[in-house]
Amino acid sequence: MNKNEVIEKIREMRIIPVIRTESAEKAKLVVEALVKGGINILEITMTIPGAVELIAELDDKYKAATIIGAGTVLDQKTAQKCVEAGAKFVVSPILNAEIISFCNKSEIAVMPGALTPSEIYAARENGADLVKVFPASAAGGASYLKALKAVFPNIELIPTGGVTLENAVDYLKAGAFAVGIGGELTKDKEATIIRNARNLLDEINGK
């Protein structure tokens, strides 16, 4: 799957679960529940022990049916390891030009983090495909995103940080390309994760 196809799949799904667990084994259980719930785009954060190896294992298990990305990537070296392991997109909480350059050369979708208008514009100018607005809730939530889209209609924004099951749709209505959602979606038992995933997808799709 090439970069443009990955970006289009994110546009269609509109949700990127941010998986941040205390172990790889727990992350695998969360991934399985989310896939059962209908979400096939997943961000594996580097804070999980053995995250790079986990990406490789998940990529091998789910193949093209599920898009595995790497999150909380802080430097180019880590980005390279993740891509070599099979990550189809790279997300960072910071604006790191070396990560963006590497991903562009590797034709991998890249989403650096930014918060202020200047940072968001700089991310795009450096070659970001999408921009992670982080931490979105601390800056004003959906109303802040709406204000950003008014001046940056051609920059695709993905709010993350404080996105919940209750306000995810508000961000999308405000103009978000997709939303990154963490513990609100991934912290419970399998049955709850499956139910929350299905309910959120139904709400987003107007069902």
# chains A, B, ... in the order shown; residues from 1 in each chain; ligands from 1

call {"tool": "closest_atom_pairs", "arguments": {"of": "region 153-178 of chain A", "to": "region 200-205 of chain A", "cutoff": "9 Å", "atoms": "only C-alpha atoms", "output": "CSV"}}
result
residue,atom,partner,partner_atom,distance
A:Leu165,CA,A:Leu200,CA,6.8
A:Glu166,CA,A:Leu200,CA,8.9
A:Ala168,CA,A:Leu200,CA,8.3
A:Val169,CA,A:Ile204,CA,6.2
A:Leu172,CA,A:Ile204,CA,8.3

call {"tool": "residues_around", "arguments": {"residues": "region 121-132 of chain A", "least_positions_apart": "3", "cutoff": "10 Å", "atoms": "only C-alpha atoms", "output": "JSON, numbers by chain"}}
result
{"A": [3, 4, 7, 91, 92, 93, 94, 95, 96, 97, 98, 99, 100, 101, 103, 104, 108, 109, 110, 111, 112, 113, 114, 115, 116, 117, 118, 135, 136, 152, 154, 155, 156, 157, 158, 159, 160, 161, 177, 178, 179, 180]}

call {"tool": "select_by_dssp", "arguments": {"residues": "region 74-114 of chain A", "states": "helix (DSSP H, G or I)", "output": "list in words"}}
result
Gln76, Lys77, Thr78, Ala79, Gln80, Lys81, Cys82, Val83, Glu84, Ala85, Ala97, Glu98, Ile99, Ile100, Ser101, Phe102, Cys103, Asn104, Lys105 and Ser106 of chain A

call {"tool": "write_last_selection", "arguments": {"atoms": "C-alpha atoms", "output": "PDB file, in the first residue's frame"}}
result
ATOM      1  CA  GLN A  76      14.924   9.947  12.436  1.00  0.00           C
ATOM      2  CA  LYS A  77      16.727   6.809  13.603  1.00  0.00           C
ATOM      3  CA  THR A  78      13.607   5.519  15.336  1.00  0.00           C
ATOM      4  CA  ALA A  79      11.469   6.429  12.326  1.00  0.00           C
ATOM      5  CA  GLN A  80      13.749   4.354  10.117  1.00  0.00           C
ATOM      6  CA  LYS A  81      13.525   1.345  12.439  1.00  0.00           C
ATOM      7  CA  CYS A  82       9.731   1.587  12.459  1.00  0.00           C
ATOM      8  CA  VAL A  83       9.487   1.811   8.681  1.00  0.00           C
ATOM      9  CA  GLU A  84      11.846  -1.142   8.284  1.00  0.00           C
ATOM     10  CA  ALA A  85       9.580  -3.067  10.677  1.00  0.00           C
ATOM     11  CA  ALA A  97      12.492  18.096  10.084  1.00  0.00           C
ATOM     12  CA  GLU A  98      14.745  15.027   9.873  1.00  0.00           C
ATOM     13  CA  ILE A  99      11.811  12.686  10.502  1.00  0.00           C
ATOM     14  CA  ILE A 100       9.750  14.435   7.827  1.00  0.00           C
ATOM     15  CA  SER A 101      12.619  14.342   5.317  1.00  0.00           C
ATOM     16  CA  PHE A 102      13.257  10.651   5.913  1.00  0.00           C
ATOM     17  CA  CYS A 103       9.575   9.756   5.530  1.00  0.00           C
ATOM     18  CA  ASN A 104       9.239  11.817   2.370  1.00  0.00           C
ATOM     19  CA  LYS A 105      12.249  10.089   0.824  1.00  0.00           C
ATOM     20  CA  SER A 106      10.865   6.722   1.909  1.00  0.00           C
TER      21      SER A 106
END

call {"tool": "closest_residue", "arguments": {"among": "A:Pro153, A:Pro17, A:Gly162, A:Gly37", "to": "Gly69 (chain A)", "atoms": "only C-alpha atoms"}}
result
A:Pro17

call {"tool": "atom_distance", "arguments": {"atom1": "CA of Val133 (chain A)", "atom2": "CA of Lys187 (chain A)"}}
result
22.0 Å

call {"tool": "residues_around", "arguments": {"residues": "Ile19 (chain A)", "least_positions_apart": "5", "cutoff": "7 Å", "atoms": "only C-alpha atoms", "output": "JSON, numbers by chain"}}
result
{"A": [27, 43, 44, 45, 182, 186]}

call {"tool": "decode", "arguments": {"residues": "region 83-122 of chain A", "atoms": "C-alpha atoms", "output": "mmCIF file, in the first residue's frame"}}
result
data_model
loop_
_atom_site.group_PDB
_atom_site.id
_atom_site.type_symbol
_atom_site.label_atom_id
_atom_site.label_comp_id
_atom_site.auth_asym_id
_atom_site.auth_seq_id
_atom_site.Cartn_x
_atom_site.Cartn_y
_atom_site.Cartn_z
ATOM 1 C CA VAL A 83 9.487 1.811 8.681
ATOM 2 C CA GLU A 84 11.846 -1.142 8.284
ATOM 3 C CA ALA A 85 9.580 -3.067 10.677
ATOM 4 C CA GLY A 86 6.566 -2.349 8.471
ATOM 5 C CA ALA A 87 5.043 0.912 9.751
ATOM 6 C CA LYS A 88 2.923 2.532 7.046
ATOM 7 C CA PHE A 89 2.803 5.955 8.705
ATOM 8 C CA VAL A 90 4.876 7.817 11.282
ATOM 9 C CA VAL A 91 3.466 10.157 13.929
ATOM 10 C CA SER A 92 5.455 12.459 16.201
ATOM 11 C CA PRO A 93 4.363 14.801 19.006
ATOM 12 C CA ILE A 94 7.021 17.261 17.798
ATOM 13 C CA LEU A 95 8.114 18.975 14.606
ATOM 14 C CA ASN A 96 11.332 17.244 13.593
ATOM 15 C CA ALA A 97 12.492 18.096 10.084
ATOM 16 C CA GLU A 98 14.745 15.027 9.873
ATOM 17 C CA ILE A 99 11.811 12.686 10.502
ATOM 18 C CA ILE A 100 9.750 14.435 7.827
ATOM 19 C CA SER A 101 12.619 14.342 5.317
ATOM 20 C CA PHE A 102 13.257 10.651 5.913
ATOM 21 C CA CYS A 103 9.575 9.756 5.530
ATOM 22 C CA ASN A 104 9.239 11.817 2.370
ATOM 23 C CA LYS A 105 12.249 10.089 0.824
ATOM 24 C CA SER A 106 10.865 6.722 1.909
ATOM 25 C CA GLU A 107 7.371 7.600 0.598
ATOM 26 C CA ILE A 108 5.846 7.011 4.030
ATOM 27 C CA ALA A 109 2.980 9.170 5.338
ATOM 28 C CA VAL A 110 4.243 11.465 8.090
ATOM 29 C CA MET A 111 2.321 13.398 10.747
ATOM 30 C CA PRO A 112 4.490 15.698 12.881
ATOM 31 C CA GLY A 113 3.065 17.343 15.957
ATOM 32 C CA ALA A 114 2.324 21.057 16.140
ATOM 33 C CA LEU A 115 0.067 23.317 18.171
ATOM 34 C CA THR A 116 0.389 26.972 17.217
ATOM 35 C CA PRO A 117 -0.417 28.396 13.775
ATOM 36 C CA SER A 118 3.289 29.037 13.159
ATOM 37 C CA GLU A 119 4.200 25.453 14.040
ATOM 38 C CA ILE A 120 1.421 24.042 11.867
ATOM 39 C CA TYR A 121 2.505 26.129 8.885
ATOM 40 C CA ALA A 122 6.157 25.179 9.447
#
